[in-house]
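What follows is one structure encoded as structure tokens, with my remarks underneath.
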Amino acid sequence: MEPTKGLAMDLALIDFPYIIRWRDDRCTRCGKCTAVCPTRCITPAVIAKRVVHSEGDLPLPTTVRGVVQVIKQSTDIDHYCTGCGTCTLVCPNMAIAPEYNPASKFLFHKNKGGIAYKRGGRRNDPSTSTLDKLKFTRISMLTDPALDAGRHEFNIRTLMGRNLPAEDLPLLVKNGHLVVEQGKFLPPIREIFPIRIGGMSIGALSPPMWEGLAMGITYLNEVENIPVVMGSGEGGVPARLLKSRFIKYFIPQIASGYFGWDEIIHALPDMVEDPAAIEIKYGQGAKPGDGGLLMANKVLKLISEIRGVPMGVDLASPPTHQTKYSIEEGVTKMIQSVSMAWGFRVPVYPKISGTKTALAVLNNLARNPYAAALCIDGEDGGTGAAYNVSLDKMGHPIASNLRDCYLELVKHGKQNELPIFAAGGVGKQGNLAANAASLILLGASGVDIGKYIMQAAAGCFGDEHNRCNLCNLGKCPRGITTQDPRLYRRLSAEKVAKRVVDVFKTAEMELKKVFAPMGRSTQLPIGMSDGLGVSDPAIAKRLGISYVC
Amino acid sequence: MCRLSAITANKYFSVMDNILALDTMKEGHDGSGLGLILKDLGGEFKDLKEYPILSGICTDEGRIKLDEFMKQAGFKIKFMWEPLITESPASSVTKRGHYLTIAYQYPAEYIDRSQAEKDALLTHTRMLLRAEGSKDNSLYAFSFWPDIITLKEVGDPLEIGEFFGLDQKPLKAKIVLSQGRQNTNYAIYLYACHPFFLQGYSTMTNGENTAFLPNRDYLLRRGFPGYSNYDSDSEIFCHTLHFLHKKLKYPLHYYKDVITPLNNQEIAARPDAAALRLIKKSLRPLCIDGPNCVIGFLPDGSVFMIQDSKKLRPGVVGGAPGRYALMSEECGLDKAIPTRNKDEDIMPMRYDFVVISPNAKEVQVWNQLKG
């Protein structure tokens, strides 16, 4: 009779998404790889095996059976290899590396105990995104000379805030000049760089990561003169930052859990600057219909203080704002209330997940004189924690959602009144400036990035092959999404800040390189869709751009 | 690059002056068309100032359609002018049919109405005629406005002038804009030919408007029916001028501030900075970025020239009180006003807005930095 060990319900390595390739001949058994593995998928083990052995001056090989130390990969689904590659980074001898296994049956089994698979990251779809299929095909050349990205003056800036229609501007003509009529309400508007860092909370991010981003954008604003702004994500802002002059570079977010807002409101009398804007989060592209989730193991002292909650408890925000029973009343009132808190000096706008119903939200906001913008987060948006099914299957691609919304505004002549910020998958394949430019040409006033900046500025391992994506567990091997000091000490806030500066300086130059040959420099070419082409006729038709081949 | 030739004077002159100037600048255009707009008309139109003149082209069927339409609308023909067509086998011009220049009496019920109502009627009528004529290409209606004549045709400008017999039976005016067309991005289509006209405002340019789509999408929804039918990206310049000057009632120089806005530091130095900041934001979609020298006129008879924000196109203004010419090239200016003091020629740079007051009284250069 055959032995049943291994044949019943045990999984084979080939069922796993990543298989560890370990080189016996190179391994010195130093143990560094097993020490850093975030899932403990590799462990030191012993096996009995035949070993060829030779001693003395002359080769006299003999074979002996002995017990040898090896690195063993677990076949327990709870200790799967995520492919993060931390083992490879610490190995002094290049003896170990994970290898992607396309034949994996991971999702068939990752629900042990009836617990659905949760993770961080974004939608696991490594195919070329729609944004990456778009090309810039309208090149000025001889009939209209291309501009020079290195020589001409460029203004790569956008407006965040509601723009009054020209017909409603409080202007008078006096002595042949326009003067502003006093006493009339002018909605607050900020001129910012068109790529923002989207809302990632203190709590979801480690202290050095958040600090690094914050230092980076401050440097960009104050030294490089690139006005990049950054969202706080849900969960508040440290009191010291709230009361500092640097708050003007941040967009505090209010979400359905209202975490941290008691603290923000109490800090109001002591604030010396207004925030860049306030974002009301109604939805998130990574997990439409789901609220925020900060796992208990990330709720340490600092986080509990900022959020005003006890330590060590799961912080789940409801899927929706419980007080909002309708967009017509609830959302309007919420925008007005938050605006009022800052004396109507701060743009207040909602963020929603990409959805077929975005047009209804948009139309409502377009009629609300206090709504400063709309942020739409597409299905490729990232998160620190969500159900895999939400990440992979819920949501709307950003390109067509944005396009529909922009064209709806055009239909009503309001495209310059209510800016749309597009998010979700910007820079997914590394083409940050090109993706941003494509969305701008489709009608976005600006874009948000999250996952991209973690990858570019801090070396986040996550990708669309489900590599790593452990953000929800507080075990981020890079130290980006963890509150464990042993892990986040791996990350230097200064180095993150430096990379943030690199990223935005590069993005500004690359945007110039895109816009210059298209003959645009003074204003952002929002909605200039005649500059775009795509070799997929269905995409061309859907987005109303040229089909090129 | 198209060639531009504009002349403004306090005495009537022949449009051939413009055409000959264009001919000297011929290297720049490929002779694919000529557009002319005359304002403050002389000759037979001198005493018909208050009567709207329909300018266009039509076939025999179109003529019947036109007459029927205008009759139904209540317009009565007051005067008709026809060019002296001289067809020659060597000419690059092909006769299309009837070249219309008809002055009408307003419908009886409109005679005592306000100017605004009359203006709306004329624009509406022109658009209806255009829509009707476009169904079977039987009728082109370029302009329908008092004291304005528009002529457009495909071919070499000088040959078109001779084809129309303008050298023998000249049309005279005090302001003439003309463009020698170079056919680049568009099939030769008469509605795409400069100069463009809307309710007393006219512009022509020699460049390309790279911001056409955002400009167009903005104007199309401003609630004014005249902002439509954008067959040329350059038609934007005329409609933007109309929007700012007539609809929003901004002083003229804000046209420059809207289409080529200053940067924030420059705005801060202007006395009207607060207003500039507002219009830069609210009129952001009307900014142009491409290379363009824009020449145009206003209803009051002012004629102007401005440059894009990087001065990517040539343009020169010269002359003396009583007669000024605004040309894309110096040689055109030499032809139009050979006796001027060349030392006083003005070559407007990126911040300059050159305006010649009505009746060619004086030339002023407004600098955008100073406001």
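Ordered as shown in the structure tokens, chains take letters A, B, and onward, while each chain numbers its residues from 1 and ligands are numbered from 1 in the order shown.
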
DSSP says helix (DSSP H, G or I) for which residues of range 136-184 of chain B? Put them as a PyMOL selection string?
chain B and resi 136+157-163

I need the contact residues of chain A against chain B, so if you could list those with any atom within 8 Å, counting only C-alpha atoms, and return them as a ChimeraX atom specification, that would help.
/A:143-145,152,155,159,163-167,169,171,173,176-180,410-413,415-417,518-523,525-530

Take the residues from that selection and write them out as a compact mmCIF listing (two decimals), in the first residue's frame, keeping N, CA and C atoms.
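Final file, out34.txt:
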```txt
# COMPACT_ATOMS: atom_id res chain seq x y z
N THR A 143 4.45 72.94 -39.02
CA THR A 143 3.37 73.91 -39.16
C THR A 143 3.27 74.78 -37.93
N ASP A 144 3.63 74.23 -36.81
CA ASP A 144 3.67 75.00 -35.58
C ASP A 144 4.86 74.50 -34.78
N PRO A 145 5.90 75.29 -34.65
CA PRO A 145 7.13 74.79 -34.05
C PRO A 145 6.91 74.23 -32.64
N HIS A 152 12.03 77.14 -23.04
CA HIS A 152 10.83 77.95 -22.88
C HIS A 152 10.30 77.91 -21.45
N ASN A 155 4.59 76.18 -17.33
CA ASN A 155 3.83 76.31 -16.09
C ASN A 155 3.08 75.00 -15.86
N LEU A 159 -5.13 73.80 -10.88
CA LEU A 159 -5.92 74.48 -9.87
C LEU A 159 -6.72 73.48 -9.07
N ASN A 163 -13.58 77.05 -9.49
CA ASN A 163 -13.35 78.23 -10.30
C ASN A 163 -14.69 78.87 -10.62
N LEU A 164 -14.84 80.12 -10.32
CA LEU A 164 -16.09 80.77 -10.73
C LEU A 164 -16.12 80.89 -12.24
N PRO A 165 -17.29 80.73 -12.86
CA PRO A 165 -17.36 81.01 -14.29
C PRO A 165 -17.07 82.48 -14.53
N ALA A 166 -16.45 82.77 -15.66
CA ALA A 166 -16.04 84.16 -15.93
C ALA A 166 -17.23 85.10 -15.83
N GLU A 167 -18.39 84.62 -16.24
CA GLU A 167 -19.59 85.47 -16.24
C GLU A 167 -19.97 85.89 -14.82
N LEU A 169 -17.71 86.35 -12.23
CA LEU A 169 -16.62 86.97 -11.48
C LEU A 169 -17.02 88.37 -11.02
N LEU A 171 -16.17 91.45 -11.04
CA LEU A 171 -15.23 92.39 -11.62
C LEU A 171 -15.96 93.64 -12.11
N VAL A 173 -15.22 97.49 -14.22
CA VAL A 173 -14.25 98.24 -15.04
C VAL A 173 -14.15 99.66 -14.48
N GLY A 176 -10.58 102.01 -17.27
CA GLY A 176 -10.00 101.11 -18.28
C GLY A 176 -9.34 99.87 -17.71
N HIS A 177 -9.52 99.64 -16.41
CA HIS A 177 -8.92 98.45 -15.80
C HIS A 177 -9.99 97.66 -15.05
N LEU A 178 -9.73 96.38 -14.93
CA LEU A 178 -10.64 95.54 -14.15
C LEU A 178 -10.25 95.63 -12.68
N VAL A 179 -11.24 95.79 -11.85
CA VAL A 179 -10.99 95.75 -10.41
C VAL A 179 -11.96 94.77 -9.78
N VAL A 180 -11.52 94.18 -8.68
CA VAL A 180 -12.35 93.17 -8.02
C VAL A 180 -13.31 93.87 -7.07
N VAL A 410 -18.18 69.21 -19.75
CA VAL A 410 -18.09 69.98 -21.01
C VAL A 410 -19.49 70.25 -21.56
N LYS A 411 -20.33 69.24 -21.46
CA LYS A 411 -21.70 69.38 -21.97
C LYS A 411 -22.41 70.56 -21.32
N HIS A 412 -22.09 70.79 -20.06
CA HIS A 412 -22.74 71.89 -19.33
C HIS A 412 -21.84 73.13 -19.25
N GLY A 413 -20.71 73.08 -19.93
CA GLY A 413 -19.81 74.24 -19.92
C GLY A 413 -19.16 74.48 -18.57
N GLN A 415 -16.52 72.63 -17.31
CA GLN A 415 -15.27 71.87 -17.18
C GLN A 415 -14.17 72.64 -16.48
N ASN A 416 -14.28 73.97 -16.47
CA ASN A 416 -13.25 74.74 -15.76
C ASN A 416 -13.70 75.12 -14.36
N GLU A 417 -14.90 74.74 -14.01
CA GLU A 417 -15.40 75.16 -12.70
C GLU A 417 -15.13 74.12 -11.63
N MET A 518 3.73 68.97 -27.97
CA MET A 518 2.33 69.17 -28.30
C MET A 518 1.98 70.66 -28.34
N GLY A 519 2.98 71.48 -28.12
CA GLY A 519 2.76 72.92 -28.23
C GLY A 519 2.03 73.53 -27.06
N ARG A 520 2.16 72.94 -25.88
CA ARG A 520 1.48 73.51 -24.72
C ARG A 520 2.48 73.79 -23.61
N SER A 521 2.37 74.96 -23.03
CA SER A 521 3.32 75.31 -21.97
C SER A 521 2.72 76.21 -20.92
N THR A 522 1.82 77.09 -21.31
CA THR A 522 1.36 78.11 -20.38
C THR A 522 0.30 77.58 -19.41
N GLN A 523 -0.59 76.80 -19.93
CA GLN A 523 -1.62 76.20 -19.09
C GLN A 523 -1.61 74.70 -19.33
N PRO A 525 -2.80 71.23 -20.44
CA PRO A 525 -3.73 70.92 -21.55
C PRO A 525 -4.89 70.02 -21.12
N ILE A 526 -5.67 70.52 -20.19
CA ILE A 526 -6.78 69.70 -19.66
C ILE A 526 -7.82 69.47 -20.75
N GLY A 527 -8.14 68.22 -20.99
CA GLY A 527 -9.17 67.88 -21.97
C GLY A 527 -8.72 67.99 -23.41
N MET A 528 -7.41 68.15 -23.64
CA MET A 528 -6.92 68.29 -25.02
C MET A 528 -6.76 66.90 -25.65
N SER A 529 -7.88 66.22 -25.80
CA SER A 529 -7.83 64.81 -26.16
C SER A 529 -7.39 64.59 -27.60
N ASP A 530 -7.33 65.65 -28.41
CA ASP A 530 -6.84 65.45 -29.78
C ASP A 530 -5.34 65.15 -29.78
```

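In the backbone-derived DSSP annotation, strand (DSSP E or B) within range 209-311 of chain B comprises Cys293, Val294, Ile295, Gly296, Phe297, Val303, Phe304, Met305, Ile306 and Gln307 of chain B.
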
For Ile356 in chain B, find every residue with an atom within 12 Å (counting only C-alpha atoms), except residues of its own chain fewer than 2 positions away, and show them as number ranges by chain.
B: 6-10, 175, 295-298, 300-306, 317-326, 346, 353-354, 358-366

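Taking CA of Ala73 in chain B and CA of Pro146 in chain B as the two end points, the separation is 17.2 Å.
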
Polymer residues at most 9 Å from Gly292 in chain A, only C-alpha atoms, same-chain spacing of 2 or more positions, as an MDAnalysis selection string
chainID A and resid 234 255:257 284 287 290 294 315:319 383:386

Output of the above residues as a PDB file, in the first residue's frame, restricted to N, CA and C atoms:
```
ATOM      1  N   GLU A 234      -7.116  58.699   6.032  1.00  0.00           N
ATOM      2  CA  GLU A 234      -8.002  58.772   7.194  1.00  0.00           C
ATOM      3  C   GLU A 234      -7.193  58.527   8.463  1.00  0.00           C
ATOM      4  N   ALA A 255     -12.968  60.735   6.822  1.00  0.00           N
ATOM      5  CA  ALA A 255     -13.594  59.549   6.243  1.00  0.00           C
ATOM      6  C   ALA A 255     -14.656  59.028   7.197  1.00  0.00           C
ATOM      7  N   SER A 256     -15.220  57.913   6.849  1.00  0.00           N
ATOM      8  CA  SER A 256     -16.433  57.473   7.549  1.00  0.00           C
ATOM      9  C   SER A 256     -16.201  57.136   9.016  1.00  0.00           C
ATOM     10  N   GLY A 257     -14.964  56.874   9.412  1.00  0.00           N
ATOM     11  CA  GLY A 257     -14.698  56.587  10.815  1.00  0.00           C
ATOM     12  C   GLY A 257     -14.454  57.849  11.625  1.00  0.00           C
ATOM     13  N   GLN A 284     -13.130  54.481  -2.077  1.00  0.00           N
ATOM     14  CA  GLN A 284     -11.725  54.245  -2.397  1.00  0.00           C
ATOM     15  C   GLN A 284     -11.671  53.222  -3.528  1.00  0.00           C
ATOM     16  N   LYS A 287     -11.133  49.387  -2.913  1.00  0.00           N
ATOM     17  CA  LYS A 287     -12.150  48.583  -2.228  1.00  0.00           C
ATOM     18  C   LYS A 287     -13.465  49.347  -2.162  1.00  0.00           C
ATOM     19  N   ASP A 290     -16.288  49.494   0.716  1.00  0.00           N
ATOM     20  CA  ASP A 290     -15.690  49.054   1.972  1.00  0.00           C
ATOM     21  C   ASP A 290     -15.101  50.260   2.676  1.00  0.00           C
ATOM     22  N   LEU A 294      -7.697  49.562   9.775  1.00  0.00           N
ATOM     23  CA  LEU A 294      -6.345  49.525  10.314  1.00  0.00           C
ATOM     24  C   LEU A 294      -6.310  48.414  11.347  1.00  0.00           C
ATOM     25  N   LEU A 315      -9.282  49.048  13.837  1.00  0.00           N
ATOM     26  CA  LEU A 315      -9.998  50.303  13.565  1.00  0.00           C
ATOM     27  C   LEU A 315     -10.684  50.189  12.202  1.00  0.00           C
ATOM     28  N   ALA A 316     -11.924  49.834  12.256  1.00  0.00           N
ATOM     29  CA  ALA A 316     -12.667  49.685  10.998  1.00  0.00           C
ATOM     30  C   ALA A 316     -13.570  50.896  10.808  1.00  0.00           C
ATOM     31  N   SER A 317     -13.466  51.527   9.659  1.00  0.00           N
ATOM     32  CA  SER A 317     -14.403  52.607   9.330  1.00  0.00           C
ATOM     33  C   SER A 317     -15.585  51.976   8.612  1.00  0.00           C
ATOM     34  N   PRO A 318     -16.775  52.511   8.819  1.00  0.00           N
ATOM     35  CA  PRO A 318     -17.928  51.941   8.112  1.00  0.00           C
ATOM     36  C   PRO A 318     -17.788  52.128   6.599  1.00  0.00           C
ATOM     37  N   PRO A 319     -18.487  51.304   5.843  1.00  0.00           N
ATOM     38  CA  PRO A 319     -18.413  51.456   4.378  1.00  0.00           C
ATOM     39  C   PRO A 319     -18.896  52.819   3.904  1.00  0.00           C
ATOM     40  N   THR A 383      -4.273  50.095  -1.496  1.00  0.00           N
ATOM     41  CA  THR A 383      -4.752  50.196  -0.130  1.00  0.00           C
ATOM     42  C   THR A 383      -3.807  49.460   0.797  1.00  0.00           C
ATOM     43  N   GLY A 384      -3.933  49.776   2.084  1.00  0.00           N
ATOM     44  CA  GLY A 384      -3.138  49.065   3.070  1.00  0.00           C
ATOM     45  C   GLY A 384      -3.805  47.783   3.517  1.00  0.00           C
ATOM     46  N   ALA A 385      -5.099  47.685   3.349  1.00  0.00           N
ATOM     47  CA  ALA A 385      -5.793  46.478   3.797  1.00  0.00           C
ATOM     48  C   ALA A 385      -7.158  46.403   3.146  1.00  0.00           C
ATOM     49  N   ALA A 386      -7.415  45.278   2.496  1.00  0.00           N
ATOM     50  CA  ALA A 386      -8.742  45.083   1.913  1.00  0.00           C
ATOM     51  C   ALA A 386      -8.922  43.598   1.596  1.00  0.00           C
TER      52      ALA A 386
END
```

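Note that CA of Ile42 in chain A and CA of Ser74 in chain A are 6.1 Å apart.
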
List the neighbours of Phe45 in chain B out to 12 Å using only C-alpha atoms; skip same-chain residues closer than 6 positions along the sequence, and give me the result as an NGL selection string.
:B and (12 or 38-39 or 51-53 or 78-81 or 101-104 or 146-149 or 171-174)

Store the residues picked out above, limited to C-alpha atoms, as a PDB file, in the first residue's frame.
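Below is the file that was written, result.pdb:
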```pdb
ATOM      1  CA  TYR B  12     -10.787 104.903 -48.634  1.00  0.00           C
ATOM      2  CA  LEU B  38     -13.533  95.071 -45.548  1.00  0.00           C
ATOM      3  CA  LYS B  39     -14.843  97.452 -42.923  1.00  0.00           C
ATOM      4  CA  TYR B  51     -27.862  98.206 -43.903  1.00  0.00           C
ATOM      5  CA  PRO B  52     -26.597  94.698 -43.156  1.00  0.00           C
ATOM      6  CA  ILE B  53     -24.583  93.208 -45.988  1.00  0.00           C
ATOM      7  CA  LYS B  78     -31.462  97.431 -50.804  1.00  0.00           C
ATOM      8  CA  PHE B  79     -28.384  97.129 -52.979  1.00  0.00           C
ATOM      9  CA  MET B  80     -26.374  94.435 -54.664  1.00  0.00           C
ATOM     10  CA  TRP B  81     -22.751  94.428 -55.728  1.00  0.00           C
ATOM     11  CA  THR B 101     -22.601  91.079 -51.632  1.00  0.00           C
ATOM     12  CA  ILE B 102     -26.130  92.170 -50.881  1.00  0.00           C
ATOM     13  CA  ALA B 103     -27.227  94.972 -48.615  1.00  0.00           C
ATOM     14  CA  TYR B 104     -30.628  94.353 -47.073  1.00  0.00           C
ATOM     15  CA  PRO B 146     -23.624  96.394 -41.671  1.00  0.00           C
ATOM     16  CA  ASP B 147     -20.628  98.011 -43.331  1.00  0.00           C
ATOM     17  CA  ILE B 148     -18.769  94.700 -43.687  1.00  0.00           C
ATOM     18  CA  ILE B 149     -17.904  92.744 -46.817  1.00  0.00           C
ATOM     19  CA  LEU B 171     -13.765  97.699 -53.700  1.00  0.00           C
ATOM     20  CA  LYS B 172     -12.801 100.417 -51.298  1.00  0.00           C
ATOM     21  CA  ALA B 173     -12.769 100.608 -47.544  1.00  0.00           C
ATOM     22  CA  LYS B 174     -10.902 102.207 -44.674  1.00  0.00           C
TER      23      LYS B 174
END
```

Nearby residues (only C-alpha atoms) at most 12 Å from Asp125 in chain A, same-chain spacing under 4 positions excluded, as a PyMOL selection string:
chain A and resi 121+129-130+379-381+391-393+425+428-429+463-467

Residue subset to file, keeping N, CA and C atoms, as a CSV table (one decimal), in the first residue's frame:
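Ended up saving to again-v8.csv:
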```
chain,number,residue,atom,x,y,z
A,121,GLY,N,-1.9,46.4,-1.2
A,121,GLY,CA,-1.5,46.5,-2.6
A,121,GLY,C,-2.6,47.0,-3.4
A,129,SER,N,-2.0,48.4,-18.7
A,129,SER,CA,-3.2,49.2,-18.4
A,129,SER,C,-3.6,50.1,-19.6
A,130,THR,N,-4.9,50.5,-19.6
A,130,THR,CA,-5.4,51.4,-20.6
A,130,THR,C,-4.5,52.6,-20.7
A,379,GLU,N,-10.1,51.6,-10.2
A,379,GLU,CA,-10.0,50.2,-9.7
A,379,GLU,C,-8.6,49.8,-9.4
A,380,ASP,N,-7.6,50.5,-10.0
A,380,ASP,CA,-6.2,50.2,-9.8
A,380,ASP,C,-5.6,50.9,-8.6
A,381,GLY,N,-6.4,51.6,-7.8
A,381,GLY,CA,-5.9,52.2,-6.7
A,381,GLY,C,-5.4,51.2,-5.6
A,391,LEU,N,-10.3,44.1,-3.9
A,391,LEU,CA,-9.2,44.6,-4.7
A,391,LEU,C,-9.2,44.2,-6.1
A,392,ASP,N,-9.4,42.9,-6.3
A,392,ASP,CA,-9.3,42.3,-7.7
A,392,ASP,C,-10.5,42.6,-8.6
A,393,LYS,N,-11.7,42.6,-8.0
A,393,LYS,CA,-12.9,42.5,-8.8
A,393,LYS,C,-13.8,43.7,-8.7
A,425,GLY,N,-3.9,53.6,-10.2
A,425,GLY,CA,-3.1,53.0,-11.2
A,425,GLY,C,-2.2,53.9,-12.0
A,428,LYS,N,1.4,52.8,-12.7
A,428,LYS,CA,1.4,51.4,-12.3
A,428,LYS,C,2.6,50.6,-13.0
A,429,GLN,N,2.9,51.0,-14.2
A,429,GLN,CA,4.1,50.3,-14.8
A,429,GLN,C,5.3,51.2,-14.9
A,463,ASP,N,3.7,44.3,-6.2
A,463,ASP,CA,3.4,44.4,-7.6
A,463,ASP,C,2.2,43.7,-8.0
A,464,GLU,N,1.9,43.6,-9.3
A,464,GLU,CA,0.6,43.0,-9.7
A,464,GLU,C,0.6,41.5,-9.9
A,465,HIS,N,1.8,40.9,-9.4
A,465,HIS,CA,1.8,39.4,-9.3
A,465,HIS,C,1.6,39.0,-7.9
A,466,ASN,N,1.0,39.9,-7.1
A,466,ASN,CA,0.8,39.7,-5.7
A,466,ASN,C,2.1,39.5,-4.9
A,467,ARG,N,3.1,40.1,-5.4
A,467,ARG,CA,4.3,40.1,-4.7
A,467,ARG,C,4.2,40.9,-3.4
```

Please identify all polymer residues within 6 Å of His79 in chain A, counting only C-alpha atoms, omitting same-chain residues fewer than 4 positions from it, and present them as a list of chain:residue names.
A:Thr39, A:Arg40, A:Cys41

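Atom pair CA of Cys293 in chain B / CA of Ile160 in chain B has a distance of 24.1 Å (rounded to one decimal).
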